[in-house]
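Here is the file query-v8.csv (CSV, C-alpha atoms and all ligand atoms).
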chain,number,residue,atom,x,y,z
A,148,MET,CA,419.9,41.0,151.0
A,149,GLU,CA,421.0,41.3,147.4
A,150,LYS,CA,423.6,38.8,146.2
A,151,ILE,CA,425.8,40.1,143.5
A,152,LEU,CA,427.7,38.0,141.0
A,153,PHE,CA,430.5,39.4,138.9
A,154,LEU,CA,430.5,37.1,135.9
A,155,SER,CA,433.3,37.0,133.3
A,156,HIS,CA,435.2,34.7,131.0
A,157,THR,CA,439.0,34.8,131.0
A,158,ASP,CA,441.1,35.5,128.0
A,159,GLU,CA,443.4,33.0,126.2
A,160,ASN,CA,446.1,33.6,128.9
A,161,GLY,CA,443.7,32.8,131.7
A,162,ASP,CA,443.6,36.5,132.7
A,163,LEU,CA,440.9,39.1,132.9
A,164,SER,CA,440.7,41.8,130.2
A,165,SER,CA,440.8,45.5,131.2
A,166,ILE,CA,437.0,45.8,130.6
A,167,ALA,CA,436.5,42.8,132.9
A,168,LEU,CA,438.6,44.4,135.6
A,169,GLU,CA,436.6,47.6,135.2
A,170,ALA,CA,433.3,45.7,135.5
A,171,LEU,CA,434.6,44.0,138.6
A,172,THR,CA,435.1,47.4,140.1
A,173,ALA,CA,431.5,48.2,139.2
A,174,ALA,CA,430.4,45.0,140.9
A,175,SER,CA,432.5,45.6,144.0
A,176,GLU,CA,431.3,49.2,144.4
A,177,THR,CA,427.7,48.2,143.8
A,178,ALA,CA,428.0,45.5,146.5
A,179,ALA,CA,429.6,48.0,148.9
A,180,GLY,CA,426.9,50.6,148.2
A,181,LEU,CA,424.1,48.1,148.7
A,182,GLY,CA,425.7,46.3,151.6
A,183,ALA,CA,425.4,43.2,149.5
A,184,GLU,CA,427.4,40.0,149.2
A,185,LEU,CA,429.8,39.8,146.2
A,186,THR,CA,430.8,36.6,144.5
A,187,VAL,CA,433.2,36.5,141.6
A,188,GLY,CA,432.3,33.9,138.9
A,189,LEU,CA,434.9,33.1,136.3
A,190,PHE,CA,435.1,30.6,133.5
A,191,GLY,CA,437.6,29.8,130.8
A,192,GLY,CA,440.3,27.4,129.6
A,193,THR,CA,442.3,28.4,132.6
A,194,VAL,CA,441.6,31.1,135.2
A,195,THR,CA,445.0,31.1,136.9
A,196,GLU,CA,446.2,34.5,136.0
A,197,ALA,CA,442.8,36.1,136.8
A,198,LEU,CA,442.9,34.7,140.3
A,199,ARG,CA,446.1,36.7,141.0
A,200,ARG,CA,444.0,39.9,140.4
A,201,ILE,CA,441.0,39.2,142.5
A,202,ASP,CA,440.0,38.6,146.1
A,203,GLY,CA,437.0,37.4,148.1
A,204,ARG,CA,434.6,34.6,147.3
A,205,VAL,CA,435.3,33.1,143.9
A,206,LEU,CA,433.5,30.4,141.9
A,207,ILE,CA,435.2,28.9,138.8
A,208,VAL,CA,434.4,26.7,135.9
A,209,GLU,CA,437.6,25.7,134.2
A,210,GLY,CA,438.3,23.4,131.2
A,211,ALA,CA,439.6,23.4,127.7
A,212,GLU,CA,436.1,23.4,126.3
A,213,PHE,CA,435.3,26.7,128.1
A,214,GLY,CA,438.4,28.4,126.6
A,215,VAL,CA,436.8,29.4,123.3
A,216,SER,CA,434.0,31.8,122.6
A,217,ARG,CA,431.1,29.5,121.8
A,218,TYR,CA,427.5,30.1,122.8
A,219,ALA,CA,426.7,26.6,124.1
A,220,THR,CA,429.7,26.2,126.4
A,221,ASP,CA,429.8,29.9,127.5
A,222,ILE,CA,426.1,29.8,128.5
A,223,ALA,CA,426.5,26.4,130.3
A,224,ALA,CA,429.4,27.7,132.4
A,225,ALA,CA,427.7,31.0,133.1
A,226,GLU,CA,424.5,29.3,134.1
A,227,ALA,CA,426.3,27.1,136.6
A,228,LEU,CA,428.0,30.1,138.1
A,229,VAL,CA,424.8,32.2,138.4
A,230,LYS,CA,423.0,29.2,140.1
A,231,ALA,CA,425.9,28.5,142.5
A,232,GLY,CA,426.2,32.2,143.3
A,233,GLU,CA,422.4,32.4,143.9
A,234,ALA,CA,422.7,35.8,142.3
A,235,THR,CA,420.0,38.4,142.4
A,236,ILE,CA,422.2,40.9,140.4
A,237,VAL,CA,424.7,39.8,137.8
A,238,ILE,CA,427.3,42.3,136.6
A,239,ALA,CA,429.4,41.5,133.6
A,240,PRO,CA,431.8,43.2,131.2
A,241,GLY,CA,429.9,44.3,128.0
A,242,ASP,CA,432.4,42.7,125.6
A,243,SER,CA,431.5,40.9,122.4
A,244,ARG,CA,431.9,37.4,123.9
A,245,THR,CA,429.8,38.1,126.9
A,246,LEU,CA,427.1,39.9,125.0
A,247,ARG,CA,426.7,37.0,122.6
A,248,SER,CA,425.1,34.8,125.3
A,249,PHE,CA,424.1,37.3,128.0
A,250,ALA,CA,420.5,37.8,126.9
A,251,GLY,CA,420.0,34.0,126.5
A,252,LEU,CA,421.5,33.5,129.9
A,253,ALA,CA,419.1,36.1,131.4
A,254,ALA,CA,416.2,34.2,129.7
A,255,ARG,CA,417.2,31.0,131.4
A,256,PHE,CA,416.7,32.7,134.8
A,257,ASN,CA,413.6,34.7,133.7
A,258,ALA,CA,415.7,37.7,134.5
A,259,LYS,CA,415.7,41.3,133.3
A,260,VAL,CA,418.7,42.4,131.4
A,261,ASP,CA,420.3,45.8,130.7
A,262,THR,CA,423.4,46.3,128.5
A,263,HIS,CA,425.6,49.2,127.5
A,264,VAL,CA,425.4,50.5,131.1
A,265,THR,CA,427.7,53.5,131.7
A,266,GLY,CA,427.0,54.2,135.3
A,267,ILE,CA,425.7,52.6,138.5
A,268,GLU,CA,424.4,54.4,141.6
A,269,THR,CA,423.3,52.8,144.8
A,270,ALA,CA,422.2,55.7,147.1
A,271,GLY,CA,418.5,55.2,147.7
A,272,GLY,CA,418.4,51.9,145.7
A,273,LEU,CA,420.1,50.5,142.7
A,274,ARG,CA,420.0,52.6,139.5
A,275,VAL,CA,421.9,52.1,136.3
A,276,SER,CA,422.4,54.7,133.5
A,277,ARG,CA,422.8,54.2,129.8
A,278,TRP,CA,422.6,56.3,126.6
A,279,PHE,CA,419.8,56.1,124.1
A,280,TYR,CA,419.3,57.5,120.6
A,281,ARG,CA,422.9,57.4,119.6
A,282,GLN,CA,424.3,58.9,122.8
A,283,ARG,CA,421.9,61.9,122.8
A,284,MET,CA,419.8,61.0,125.8
A,285,GLN,CA,420.9,59.5,129.0
A,286,ALA,CA,418.4,57.5,131.1
A,287,GLN,CA,418.5,56.2,134.6
A,288,LEU,CA,416.8,52.9,135.2
A,289,SER,CA,415.8,51.1,138.3
A,290,ARG,CA,414.0,47.7,138.5
A,291,THR,CA,412.2,45.8,141.2
A,292,ALA,CA,412.4,42.6,139.2
A,293,ARG,CA,415.2,40.1,140.1
A,294,PRO,CA,417.4,38.6,138.9
A,295,TRP,CA,418.8,41.7,137.1
A,296,PHE,CA,421.6,41.2,134.6
A,297,ILE,CA,423.8,44.2,133.9
A,298,ALA,CA,426.5,44.5,131.2
A,299,VAL,CA,428.9,47.4,131.8
A,300,GLU,CA,430.6,49.4,129.0
A,301,GLY,CA,434.4,49.8,129.0
A,302,GLY,CA,436.2,53.0,130.0
A,303,VAL,CA,433.8,53.9,132.8
A,304,PHE,CA,435.2,52.4,135.9
A,305,ARG,CA,438.8,52.0,137.2
A,306,PRO,CA,440.3,48.6,136.7
A,307,TYR,CA,440.0,46.5,139.9
A,308,GLU,CA,442.9,46.1,142.3
A,309,ALA,CA,442.7,43.2,144.7
A,310,LYS,CA,443.3,44.0,148.4
A,311,GLY,CA,443.3,40.4,149.7
A,312,SER,CA,443.4,36.8,148.6
A,313,ALA,CA,440.8,34.7,146.8
A,314,ASP,CA,438.8,32.0,148.4
A,315,VAL,CA,438.2,29.7,145.4
A,316,ARG,CA,435.5,27.0,144.9
A,317,ARG,CA,435.7,25.0,141.7
A,318,LEU,CA,432.4,23.8,140.1
A,319,SER,CA,432.6,20.6,138.3
A,320,LEU,CA,430.6,20.8,135.1
A,321,ASP,CA,430.4,18.5,132.2
A,322,PRO,CA,430.6,20.5,129.0
A,323,PRO,CA,427.4,20.3,126.9
A,324,SER,CA,427.6,18.4,123.6
A,325,THR,CA,428.3,20.9,120.8
A,326,ARG,CA,428.2,20.9,117.1
A,327,THR,CA,430.4,24.0,116.8
A,328,GLN,CA,434.1,23.6,116.6
A,329,VAL,CA,436.1,26.8,117.0
A,330,VAL,CA,438.8,26.6,114.4
A,331,GLU,CA,440.3,30.0,114.6
A,332,VAL,CA,439.5,33.6,115.3
A,333,ARG,CA,439.6,36.1,112.4
A,334,ALA,CA,439.5,39.8,112.9
A,335,ALA,CA,436.8,41.7,111.2
A,336,GLN,CA,439.3,43.9,109.4
A,337,SER,CA,441.0,42.7,106.2
A,338,GLY,CA,444.7,43.1,106.8
A,339,THR,CA,445.8,45.0,109.9
A,340,GLN,CA,443.6,45.0,113.0
A,341,THR,CA,442.9,48.7,113.4
A,342,ILE,CA,440.2,49.0,116.0
A,343,LYS,CA,441.7,48.8,119.4
A,344,PRO,CA,439.3,49.9,122.2
A,345,ASP,CA,442.1,49.8,124.8
A,346,ALA,CA,444.4,52.1,122.9
A,347,LYS,CA,445.4,55.4,124.6
A,348,LEU,CA,445.0,57.3,121.4
A,349,LEU,CA,442.3,57.4,118.7
A,350,PHE,CA,443.7,58.5,115.3
A,351,VAL,CA,440.9,59.7,113.0
A,352,ALA,CA,441.4,59.9,109.3
A,353,GLY,CA,439.1,62.1,107.2
A,354,ALA,CA,438.4,62.3,103.5
A,355,GLY,CA,441.1,65.0,103.0
A,356,TRP,CA,443.7,62.1,102.8
A,357,THR,CA,442.1,61.2,99.5
A,358,LYS,CA,441.7,64.7,98.0
A,359,LYS,CA,444.0,66.5,95.6
A,360,GLN,CA,446.9,68.0,97.4
A,361,LYS,CA,448.9,71.2,96.7
A,362,ASP,CA,450.8,69.6,93.8
A,363,GLY,CA,447.4,68.9,92.1
A,364,ASN,CA,447.6,65.1,92.6
A,365,VAL,CA,446.1,62.6,95.0
A,366,HIS,CA,448.5,60.6,97.2
A,367,VAL,CA,446.4,57.8,98.6
A,368,ASP,CA,449.2,55.2,98.7
A,369,GLU,CA,451.4,57.6,100.7
A,370,ALA,CA,448.4,58.4,103.0
A,371,ALA,CA,447.9,54.6,103.6
A,372,GLU,CA,451.5,54.2,104.4
A,373,LEU,CA,451.7,57.2,106.8
A,374,ILE,CA,448.5,56.2,108.6
A,375,LEU,CA,449.5,52.5,109.1
A,376,ASP,CA,453.0,53.5,110.1
A,377,PHE,CA,451.7,55.8,112.8
A,378,LEU,CA,449.1,53.3,114.0
A,379,LYS,CA,451.8,50.7,114.5
A,380,LYS,CA,454.3,53.1,116.2
A,381,ALA,CA,451.8,54.8,118.5
A,382,ASP,CA,449.7,51.6,119.0
A,383,ALA,CA,446.7,53.8,118.2
A,384,SER,CA,443.2,52.8,117.3
A,385,LEU,CA,441.9,54.0,113.9
A,386,GLY,CA,438.7,56.0,113.4
A,387,SER,CA,437.3,57.6,110.3
A,388,SER,CA,434.9,60.2,109.2
A,389,LYS,CA,431.8,59.1,107.3
A,390,SER,CA,432.9,60.7,104.1
A,391,LEU,CA,436.1,58.6,104.0
A,392,VAL,CA,434.4,55.3,104.7
A,393,ASP,CA,431.7,56.1,102.2
A,394,LEU,CA,434.4,56.7,99.6
A,395,GLN,CA,435.7,53.4,100.6
A,396,GLY,CA,432.5,51.7,99.5
A,397,GLU,CA,433.0,53.1,96.0
A,398,GLY,CA,436.4,51.6,95.6
A,399,GLN,CA,439.3,50.4,97.7
A,400,VAL,CA,440.6,53.8,98.8
A,401,LEU,CA,442.4,52.8,102.0
A,402,PRO,CA,442.4,49.0,102.1
A,403,PHE,CA,442.3,48.7,105.9
A,404,MET,CA,439.3,51.1,106.3
A,405,SER,CA,435.7,49.9,106.7
A,406,HIS,CA,432.4,51.2,108.1
A,407,LEU,CA,433.4,49.7,111.4
A,408,ASN,CA,435.9,52.5,111.8
A,409,GLN,CA,433.3,55.3,111.4
A,410,VAL,CA,433.0,57.7,114.4
A,411,GLY,CA,430.1,59.9,114.8
A,412,GLN,CA,426.3,60.3,114.9
A,413,THR,CA,425.8,57.3,112.7
A,414,GLY,CA,429.0,55.6,113.7
A,415,SER,CA,430.7,54.7,117.0
A,416,THR,CA,431.4,56.7,120.1
A,417,PRO,CA,434.7,55.3,121.2
A,418,ARG,CA,436.4,56.0,124.5
A,419,HIS,CA,440.1,56.9,124.5
A,420,PRO,CA,442.0,59.3,126.7
A,421,LYS,CA,443.2,61.2,123.6
A,422,GLY,CA,442.2,61.7,120.0
A,423,LEU,CA,443.9,63.2,116.9
A,424,ALA,CA,441.8,64.0,113.9
A,425,THR,CA,443.6,64.4,110.5
A,426,CYS,CA,442.3,65.7,107.2
A,427,CYS,CA,438.8,65.7,108.8
A,428,HIS,CA,436.7,68.8,108.8
A,429,GLY,CA,435.2,68.3,112.3
A,430,GLU,CA,431.5,68.7,111.4
A,431,GLU,CA,429.0,68.2,114.2
A,432,PRO,CA,427.7,64.8,113.1
A,433,HIS,CA,431.3,63.5,113.2
A,434,VAL,CA,432.4,65.3,116.4
A,435,VAL,CA,429.4,64.1,118.4
A,436,GLY,CA,431.1,60.7,118.3
A,437,TRP,CA,434.1,62.3,120.2
A,438,ARG,CA,432.1,63.0,123.3
A,439,PHE,CA,434.0,60.6,125.5
A,440,ILE,CA,437.5,61.5,124.1
A,441,ASN,CA,439.1,63.6,126.9
A,442,GLU,CA,441.8,65.5,125.0
A,443,ARG,CA,441.1,66.4,121.3
A,444,ARG,CA,443.6,67.6,118.7
A,445,ALA,CA,443.2,68.0,115.0
A,446,ILE,CA,445.4,68.8,112.0
A,447,ASN,CA,443.7,70.6,109.2
A,448,LEU,CA,444.8,73.0,106.4
A,449,ASP,CA,441.7,75.1,107.0
A,450,ALA,CA,442.0,77.5,110.0
A,451,ASN,CA,438.2,77.8,109.9
A,452,CYS,CA,437.4,74.1,110.0
A,453,GLY,CA,434.9,72.7,112.6
A,454,TRP,CA,437.7,71.8,115.1
A,455,ALA,CA,438.5,75.5,115.3
A,456,GLN,CA,435.0,76.2,116.5
A,457,GLY,CA,435.6,75.1,120.0
A,458,LYS,CA,435.6,71.4,119.2
A,459,ALA,CA,439.3,70.7,119.7
A,460,ASP,CA,441.7,71.5,122.5
A,461,VAL,CA,444.5,72.1,120.0
A,462,LEU,CA,444.2,72.7,116.2
A,463,TYR,CA,447.4,72.5,114.2
A,464,VAL,CA,446.8,74.4,111.0
A,465,ALA,CA,449.1,72.4,108.8
A,466,ASP,CA,449.5,69.8,106.1
A,467,ALA,CA,448.7,66.4,107.7
A,468,PHE,CA,451.0,64.6,105.2
A,469,GLU,CA,454.0,66.7,106.4
A,470,VAL,CA,453.1,66.5,110.1
A,471,MET,CA,452.6,62.8,110.1
A,472,ARG,CA,455.7,62.2,108.1
A,473,GLU,CA,457.7,64.1,110.7
A,474,VAL,CA,455.8,62.5,113.6
A,475,ASN,CA,456.6,59.0,112.2
A,476,ARG,CA,460.2,59.9,111.8
A,477,LEU,CA,460.4,61.1,115.4
A,478,LEU,CA,458.7,58.0,116.6
A,479,GLY,CA,461.6,56.1,115.0
B,1,LIG,C1,422.3,62.4,109.3
B,1,LIG,C2,423.9,62.5,109.1
B,1,LIG,C3,424.7,61.7,109.9
B,1,LIG,C4,426.1,61.8,109.8
B,1,LIG,N1,426.8,60.9,110.5
B,1,LIG,C5,428.2,61.1,110.5
B,1,LIG,C6,429.0,60.2,111.3
B,1,LIG,O1,428.6,59.4,112.0
B,1,LIG,N2,430.4,60.4,111.2
B,1,LIG,C7,430.9,61.3,110.3
B,1,LIG,O2,432.2,61.4,110.3
B,1,LIG,N3,430.1,62.1,109.6
B,1,LIG,C8,428.8,62.0,109.6
B,1,LIG,N4,428.0,62.8,108.8
B,1,LIG,C9,428.7,63.5,107.7
B,1,LIG,C10,429.4,64.8,108.2
B,1,LIG,O3,428.4,65.8,108.3
B,1,LIG,C11,430.5,65.2,107.3
B,1,LIG,O4,430.0,65.3,106.0
B,1,LIG,C12,431.7,64.3,107.3
B,1,LIG,O5,432.1,64.1,108.7
B,1,LIG,C13,432.9,65.0,106.6
B,1,LIG,O6,434.0,64.1,106.5
B,1,LIG,P1,435.4,64.7,106.4
B,1,LIG,O7,435.6,65.8,107.4
B,1,LIG,O8,436.4,63.6,106.3
B,1,LIG,O9,435.5,65.3,104.8
B,1,LIG,P2,435.5,66.7,104.3
B,1,LIG,O10,434.3,67.5,104.8
B,1,LIG,O11,435.6,66.6,102.8
B,1,LIG,O12,436.8,67.4,104.9
B,1,LIG,C14,438.1,67.1,104.5
B,1,LIG,C15,439.0,68.0,105.3
B,1,LIG,O13,440.4,67.6,105.0
B,1,LIG,C16,441.2,68.8,105.1
B,1,LIG,N5,442.4,68.5,104.3
B,1,LIG,C17,442.6,68.1,103.0
B,1,LIG,N6,443.9,67.9,102.8
B,1,LIG,C18,444.5,68.1,104.0
B,1,LIG,C19,445.9,68.0,104.4
B,1,LIG,N7,446.9,67.7,103.5
B,1,LIG,N8,446.2,68.3,105.7
B,1,LIG,C20,445.3,68.6,106.5
B,1,LIG,N9,444.0,68.7,106.2
B,1,LIG,C21,443.6,68.5,105.0
B,1,LIG,C22,440.3,69.8,104.4
B,1,LIG,O14,440.7,71.1,104.8
B,1,LIG,C23,438.9,69.4,104.9
B,1,LIG,O15,438.6,70.2,106.1
B,1,LIG,C24,426.6,62.7,108.9
B,1,LIG,C25,425.8,63.6,108.1
B,1,LIG,C26,424.4,63.5,108.3
B,1,LIG,C27,423.6,64.4,107.4
As C-alpha cells - that is how I would like this structure written.
Ligand SMILES: Cc1cc2nc3c(=O)[nH]c(=O)nc-3n(C[C@H](O)[C@H](O)[C@H](O)COP(=O)(O)OP(=O)(O)OC[C@H]3O[C@@H](n4cnc5c(N)ncnc54)[C@H](O)[C@@H]3O)c2cc1C
Amino acid sequence: MEKILFLSHTDENGDLSSIALEALTAASETAAGLGAELTVGLFGGTVTEALRRIDGRVLIVEGAEFGVSRYATDIAAAEALVKAGEATIVIAPGDSRTLRSFAGLAARFNAKVDTHVTGIETAGGLRVSRWFYRQRMQAQLSRTARPWFIAVEGGVFRPYEAKGSADVRRLSLDPPSTRTQVVEVRAAQSGTQTIKPDAKLLFVAGAGWTKKQKDGNVHVDEAAELILDFLKKADASLGSSKSLVDLQGEGQVLPFMSHLNQVGQTGSTPRHPKGLATCCHGEEPHVVGWRFINERRAINLDANCGWAQGKADVLYVADAFEVMREVNRLLG
C-alpha cells in the first residue's frame, strides 16, 4: 500500500499558507483515491496554528532554527519527516521555500520528483498533470519508481478543511550546524511589494500608461500614483505587458515595475479569480498568460483592441486615467 506524506513548512505565525492548505487537499484526495495512508509532516519555528487546521496522523519538527527559510535546516527537518512517515509518495506545496530544497530532498531518497503539478488523478493508478512549453502543452505522467515527490501549484485545489482532530507525534531533531544566518527577508521588488499570488484581482498595466495622452503630454507620475493607489485599495496583484517592462529597462518609467511582473508567453501565467487590463492592447502573446484568470475585463481607448476580439468578458472603451481616478475615489 502507498504511504503518502503531505510535507510543508509553516509560516512565521506557525500557520499553513493557502497554497499549503490546497496541497493538503491534493494529498488527502490522492490518499482517498488510492486507498493509501496519509500522514501530515510539518516543520517550522512553531506549528501551533497549523495544527488547528488539520486532522489525522501528524508528525512535527518544531524549533526556532526551523522557523526560517534555509536550505540546511529545511532539508534536515524534511528528511526526518519523510523517513518517519516511510513515505512512498510525498506531496508538497510548490512555493519558493519548498522548491529551494525539494529536489535535493528527493535526491537524498533516490526519489523521482515532479514540480509545477496542476492536477492529480487516481483512477487506474496515480497520474499527475503539468504544463510544458510555456503552458502550451499539458502532459499526464505516471511513474512506477518510488518514492515519488510531487510539488503542487497554487490555485488548483480547494484549501483543506479539517473534519476531526490531529494525532500529533513530535520528532526530536538536533538542527544541523549551519554557516548561514538569516538576517532578514527582502522582497524582490524595490519599494512596494506588488506581486501577490493570493490576491483576488490581477491588475495589468500596459504601455499605454506611458504614452502621450489626449492633451499631447505623457503623465507617467500620475499613472504611477493611480496604479499604486488602486493596488493598495483593492489589495490587487500587479501584472504588466512586455512592452511596459521593456520600456522600464530603458529608464525608470514606473519605479515599482520589473520583469517579474510580466504576464504572457514569455512572462508568467498567474492564477487569480479576476483580472483587469488597463492601457494594454491585449495581443495574443500577452493574453496567453491570462489563461487561468476566470473573469477578464479591460479598459482601452481602442474599441478594436485585442480584448474586443473575444479575449475579455467585458471591455470598457474608455480612458483608463479617468476610470481609475474615479474607481480610486469610489474605493475611498
Ligand atoms: C515571441 C514574443 C513573445 C512575447 N511575449 C509577451 C509576453 O509574455 N507578454 C506580453 O505582454 N507581450 C509579449 N509579447 C509582445 C506582445 O505581442 C505585445 O507587443 C505587447 O503585449 C504589447 O504591450 P501593450 O499592450 O502594453 O502595448 P501597446 O501595444 O503599445 O498598447 C498600448 C495600449 O494602450 C492603450 N491606451 C493608451 N492610452 C490609453 C488610455 N488613456 N486609456 C486606455 N487605453 C489606453 C492603446 O489604445 C493601446 O491599445 C511578445 C511578443 C513576441 C513576438
Practice prompt. Report as an MDAnalysis selection string which protein, DNA and RNA residues come within 6 Å of ligand LIG 1 (chain B), using all atoms listed in the file.
Written response: chainID A and resid 353:356 388:391 409:414 426:430 432:433 446:449 452 465:468
C-alpha atoms of the current selection, written as a PDB file, keeping the file's coordinate frame:
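Writing the result to part33.pdb gives the following:
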ATOM      1  CA  GLY A 353     439.100  62.100 107.200  1.00  0.00           C
ATOM      2  CA  ALA A 354     438.400  62.300 103.500  1.00  0.00           C
ATOM      3  CA  GLY A 355     441.100  65.000 103.000  1.00  0.00           C
ATOM      4  CA  TRP A 356     443.700  62.100 102.800  1.00  0.00           C
ATOM      5  CA  SER A 388     434.900  60.200 109.200  1.00  0.00           C
ATOM      6  CA  LYS A 389     431.800  59.100 107.300  1.00  0.00           C
ATOM      7  CA  SER A 390     432.900  60.700 104.100  1.00  0.00           C
ATOM      8  CA  LEU A 391     436.100  58.600 104.000  1.00  0.00           C
ATOM      9  CA  GLN A 409     433.300  55.300 111.400  1.00  0.00           C
ATOM     10  CA  VAL A 410     433.000  57.700 114.400  1.00  0.00           C
ATOM     11  CA  GLY A 411     430.100  59.900 114.800  1.00  0.00           C
ATOM     12  CA  GLN A 412     426.300  60.300 114.900  1.00  0.00           C
ATOM     13  CA  THR A 413     425.800  57.300 112.700  1.00  0.00           C
ATOM     14  CA  GLY A 414     429.000  55.600 113.700  1.00  0.00           C
ATOM     15  CA  CYS A 426     442.300  65.700 107.200  1.00  0.00           C
ATOM     16  CA  CYS A 427     438.800  65.700 108.800  1.00  0.00           C
ATOM     17  CA  HIS A 428     436.700  68.800 108.800  1.00  0.00           C
ATOM     18  CA  GLY A 429     435.200  68.300 112.300  1.00  0.00           C
ATOM     19  CA  GLU A 430     431.500  68.700 111.400  1.00  0.00           C
ATOM     20  CA  PRO A 432     427.700  64.800 113.100  1.00  0.00           C
ATOM     21  CA  HIS A 433     431.300  63.500 113.200  1.00  0.00           C
ATOM     22  CA  ILE A 446     445.400  68.800 112.000  1.00  0.00           C
ATOM     23  CA  ASN A 447     443.700  70.600 109.200  1.00  0.00           C
ATOM     24  CA  LEU A 448     444.800  73.000 106.400  1.00  0.00           C
ATOM     25  CA  ASP A 449     441.700  75.100 107.000  1.00  0.00           C
ATOM     26  CA  CYS A 452     437.400  74.100 110.000  1.00  0.00           C
ATOM     27  CA  ALA A 465     449.100  72.400 108.800  1.00  0.00           C
ATOM     28  CA  ASP A 466     449.500  69.800 106.100  1.00  0.00           C
ATOM     29  CA  ALA A 467     448.700  66.400 107.700  1.00  0.00           C
ATOM     30  CA  PHE A 468     451.000  64.600 105.200  1.00  0.00           C
TER      31      PHE A 468
END
Worksheet item: Any idea what's packed within 9 Å of range 457-462 of chain A, counting all atoms listed in the file, ignoring anything in its chain fewer than 4 positions away? Could you give it as number ranges by chain?
Response: A: 429, 431, 434, 442-447, 450, 453
Please provide the set of residues having any atom within 10 Å of range 163-168 of chain A, restricted to only C-alpha atoms, with same-chain residues fewer than 2 positions apart removed, written as a PDB file with C-alpha atoms, keeping the file's coordinate frame.
ATOM      1  CA  PHE A 153     430.500  39.400 138.900  1.00  0.00           C
ATOM      2  CA  LEU A 154     430.500  37.100 135.900  1.00  0.00           C
ATOM      3  CA  SER A 155     433.300  37.000 133.300  1.00  0.00           C
ATOM      4  CA  HIS A 156     435.200  34.700 131.000  1.00  0.00           C
ATOM      5  CA  THR A 157     439.000  34.800 131.000  1.00  0.00           C
ATOM      6  CA  ASP A 158     441.100  35.500 128.000  1.00  0.00           C
ATOM      7  CA  GLU A 159     443.400  33.000 126.200  1.00  0.00           C
ATOM      8  CA  ASN A 160     446.100  33.600 128.900  1.00  0.00           C
ATOM      9  CA  GLY A 161     443.700  32.800 131.700  1.00  0.00           C
ATOM     10  CA  ALA A 170     433.300  45.700 135.500  1.00  0.00           C
ATOM     11  CA  LEU A 171     434.600  44.000 138.600  1.00  0.00           C
ATOM     12  CA  THR A 172     435.100  47.400 140.100  1.00  0.00           C
ATOM     13  CA  ALA A 173     431.500  48.200 139.200  1.00  0.00           C
ATOM     14  CA  ALA A 174     430.400  45.000 140.900  1.00  0.00           C
ATOM     15  CA  LEU A 189     434.900  33.100 136.300  1.00  0.00           C
ATOM     16  CA  VAL A 194     441.600  31.100 135.200  1.00  0.00           C
ATOM     17  CA  THR A 195     445.000  31.100 136.900  1.00  0.00           C
ATOM     18  CA  GLU A 196     446.200  34.500 136.000  1.00  0.00           C
ATOM     19  CA  ALA A 197     442.800  36.100 136.800  1.00  0.00           C
ATOM     20  CA  LEU A 198     442.900  34.700 140.300  1.00  0.00           C
ATOM     21  CA  ARG A 199     446.100  36.700 141.000  1.00  0.00           C
ATOM     22  CA  ARG A 200     444.000  39.900 140.400  1.00  0.00           C
ATOM     23  CA  ILE A 201     441.000  39.200 142.500  1.00  0.00           C
ATOM     24  CA  ILE A 238     427.300  42.300 136.600  1.00  0.00           C
ATOM     25  CA  ALA A 239     429.400  41.500 133.600  1.00  0.00           C
ATOM     26  CA  PRO A 240     431.800  43.200 131.200  1.00  0.00           C
ATOM     27  CA  GLY A 241     429.900  44.300 128.000  1.00  0.00           C
ATOM     28  CA  ASP A 242     432.400  42.700 125.600  1.00  0.00           C
ATOM     29  CA  VAL A 299     428.900  47.400 131.800  1.00  0.00           C
ATOM     30  CA  GLU A 300     430.600  49.400 129.000  1.00  0.00           C
ATOM     31  CA  GLY A 301     434.400  49.800 129.000  1.00  0.00           C
ATOM     32  CA  GLY A 302     436.200  53.000 130.000  1.00  0.00           C
ATOM     33  CA  VAL A 303     433.800  53.900 132.800  1.00  0.00           C
ATOM     34  CA  PHE A 304     435.200  52.400 135.900  1.00  0.00           C
ATOM     35  CA  ARG A 305     438.800  52.000 137.200  1.00  0.00           C
ATOM     36  CA  PRO A 306     440.300  48.600 136.700  1.00  0.00           C
ATOM     37  CA  TYR A 307     440.000  46.500 139.900  1.00  0.00           C
ATOM     38  CA  GLU A 308     442.900  46.100 142.300  1.00  0.00           C
ATOM     39  CA  PRO A 344     439.300  49.900 122.200  1.00  0.00           C
ATOM     40  CA  ASP A 345     442.100  49.800 124.800  1.00  0.00           C
TER      41      ASP A 345
END
Worksheet item: What is the distance between CA of Thr265 in chain A and CA of Met284 in chain A, in Å to one decimal?
Response: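 Rounded to one decimal, the two atoms are 12.4 Å apart.
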Practice prompt. Could you tell me which of A:Thr186, A:Thr341, A:Asn257, A:Ser312 comes closest to Glu149 in chain A if we count only C-alpha atoms?
Written response: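 For Glu149 in chain A, the nearest of the given residues is A:Thr186.
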Worksheet item: What lies within 12 Å of Pro294 in chain A using all atoms listed in the file, ignoring chain neighbours under 5 positions off, as a VMD selection string?
Response: chain A and resid 149 to 152 229 to 230 232 to 238 252 to 261
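Shortest atom-to-atom contact with Gly203 in chain A among A:Ala371, A:Ala309, A:Leu228, A:Val264: A:Ala309, counting all atoms listed in the file.
Counting all atoms listed in the file and comparing A:Gly386, A:Gly311, A:Pro420, A:Gly210, the residue that lies closest to His406 in chain A is A:Gly386.
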Practice prompt. May I ask for the distance between CA of Val470 in chain A and CA of Lys421 in chain A, given in Å to one decimal place?
Written response: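 About the pair CA of Val470 in chain A and CA of Lys421 in chain A: they are 17.6 Å apart.
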Worksheet entry | Point-to-point distance from CA of Tyr463 in chain A to CA of Leu349 in chain A, Å rounded to tenths |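 CA of Tyr463 in chain A sits 16.6 Å away from CA of Leu349 in chain A.
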Practice prompt. Considering all atoms listed in the file, return as a ChimeraX atom specification whatever protein or nucleic-acid residues lie within 8 Å of Ser289 in chain A, sequence-local ones (same chain, fewer than 6 positions apart) excluded.
Written response: /A:272-275
Item to complete: Within 10 Å of Arg476 in chain A, counting all atoms listed in the file, which residues show up once you throw out same-chain ones fewer than 4 positions away? Write them as a PyMOL selection string, please.
Response: chain A and resi 376-377+470-472
Worksheet, complete the sentence: Between A:Ile207, A:Val464, A:Ala227, A:Val474, smallest distance to Val187 in chain A by all atoms listed in the file belongs to A:Ile207
Can we get range 187-191 of chain A of that structure written down with C-alpha atoms, as an mmCIF file, in the first residue's frame?
data_model
loop_
_atom_site.group_PDB
_atom_site.id
_atom_site.type_symbol
_atom_site.label_atom_id
_atom_site.label_comp_id
_atom_site.auth_asym_id
_atom_site.auth_seq_id
_atom_site.Cartn_x
_atom_site.Cartn_y
_atom_site.Cartn_z
ATOM 1 C CA VAL A 187 0.915 15.112 7.566
ATOM 2 C CA GLY A 188 4.517 16.247 8.127
ATOM 3 C CA LEU A 189 5.044 19.813 9.352
ATOM 4 C CA PHE A 190 8.126 21.765 10.336
ATOM 5 C CA GLY A 191 8.748 25.314 11.420
#
